[in-house]
Amino acid sequence: MTRNSWILKQIYTDAKNNLGWLFKVVLLAGGFIAGIKLLMFFSVPKEIVFPVLWTAFILVATYHWYSMKYDWKKDDKAYDRASKRYMKKLKGGK
């Protein structure tokens, strides 16, 4: 498996397991769009607004996503408990 395919697989797995957080990111994107519309209403040039806000959005979302994963791996007990619950759920247990 190449590095790029592993990263894509990891992103897909993370997205599937964290749908609630992903929904929050989508709402945050809507907030960024509303902010862009507001700044455009006050005649701030598009050449400044779009690159800055979208770069900030992507960096914040990526940092938060992997920061959350880092915290889980650092707290081994919680990670192990969640992994066991997830494996039980996959096998059909409650």
# chains A, B, ... in the order shown; residues from 1 in each chain; ligands from 1
$ closest_atom_pairs --of "stretch 47-68 of chain A" --to "stretch 6-21 of chain A" --cutoff "10 Å" --atoms "only C-alpha atoms" --output "JSON lines"
{"residue": "A:His64", "atom": "CA", "partner": "A:Trp21", "partner_atom": "CA", "distance": 10.0}
{"residue": "A:Trp65", "atom": "CA", "partner": "A:Trp21", "partner_atom": "CA", "distance": 8.6}
{"residue": "A:Tyr66", "atom": "CA", "partner": "A:Asp14", "partner_atom": "CA", "distance": 9.6}
$ write_last_selection --atoms "N, CA and C atoms" --output "short mmCIF file (atom, residue, chain, number, x, y, z; two decimals), in the first residue's frame"
data_model
loop_
_atom_site.label_atom_id
_atom_site.label_comp_id
_atom_site.auth_asym_id
_atom_site.auth_seq_id
_atom_site.Cartn_x
_atom_site.Cartn_y
_atom_site.Cartn_z
N HIS A 64 -7.62 20.10 14.26
CA HIS A 64 -8.54 19.58 15.26
C HIS A 64 -8.78 18.09 15.08
N TRP A 65 -8.91 17.66 13.84
CA TRP A 65 -9.16 16.25 13.55
C TRP A 65 -8.03 15.37 14.10
N TYR A 66 -6.81 15.70 13.76
CA TYR A 66 -5.69 14.85 14.17
C TYR A 66 -5.27 15.11 15.60
#
$ closest_residue --among "A:Asn4, A:Phe32, A:Lys91, A:Ser43" --to "A:Phe57" --atoms "only C-alpha atoms"
A:Phe32
$ residues_around --residues "stretch 46-48 of chain A" --least-positions-apart "5" --cutoff "10 Å" --atoms "only C-alpha atoms" --output "PyMOL selection string"
chain A and resi 36-37+39-40+53
$ write_last_selection --atoms "C-alpha atoms" --output "CSV table (one decimal), in the first residue's frame"
chain,number,residue,atom,x,y,z
A,36,ILE,CA,-17.4,35.7,3.3
A,37,LYS,CA,-20.8,37.0,2.2
A,39,LEU,CA,-17.2,40.8,4.2
A,40,MET,CA,-18.2,41.1,0.5
A,53,LEU,CA,-10.6,32.2,5.1
$ atom_distance --atom1 "atom CA of A:Pro51" --atom2 "atom CA of A:Val26"
18.1 Å
$ residues_around --residues "A:Leu28" --least-positions-apart "2" --cutoff "12 Å" --atoms "only C-alpha atoms" --output "ChimeraX atom specification"
/A:21-26,30-35,53-54,56-58,60-61
$ write_last_selection --atoms "C-alpha atoms" --output "mmCIF file, in the first residue's frame"
data_model
loop_
_atom_site.group_PDB
_atom_site.id
_atom_site.type_symbol
_atom_site.label_atom_id
_atom_site.label_comp_id
_atom_site.auth_asym_id
_atom_site.auth_seq_id
_atom_site.Cartn_x
_atom_site.Cartn_y
_atom_site.Cartn_z
ATOM 1 C CA TRP A 21 -17.716 15.878 14.231
ATOM 2 C CA LEU A 22 -17.822 15.921 10.453
ATOM 3 C CA PHE A 23 -21.283 17.511 10.654
ATOM 4 C CA LYS A 24 -19.823 20.235 12.896
ATOM 5 C CA VAL A 25 -17.138 20.888 10.280
ATOM 6 C CA VAL A 26 -19.820 21.266 7.613
ATOM 7 C CA GLY A 30 -21.350 27.344 6.366
ATOM 8 C CA GLY A 31 -20.226 29.908 8.919
ATOM 9 C CA PHE A 32 -17.179 30.675 6.795
ATOM 10 C CA ILE A 33 -19.404 31.161 3.757
ATOM 11 C CA ALA A 34 -21.634 33.508 5.747
ATOM 12 C CA GLY A 35 -18.511 35.402 6.868
ATOM 13 C CA LEU A 53 -10.569 32.210 5.080
ATOM 14 C CA TRP A 54 -10.382 28.885 3.227
ATOM 15 C CA ALA A 56 -7.646 29.062 7.826
ATOM 16 C CA PHE A 57 -10.626 26.704 7.655
ATOM 17 C CA ILE A 58 -8.607 23.830 6.199
ATOM 18 C CA VAL A 60 -8.083 24.470 11.730
ATOM 19 C CA ALA A 61 -10.199 21.493 10.659
#
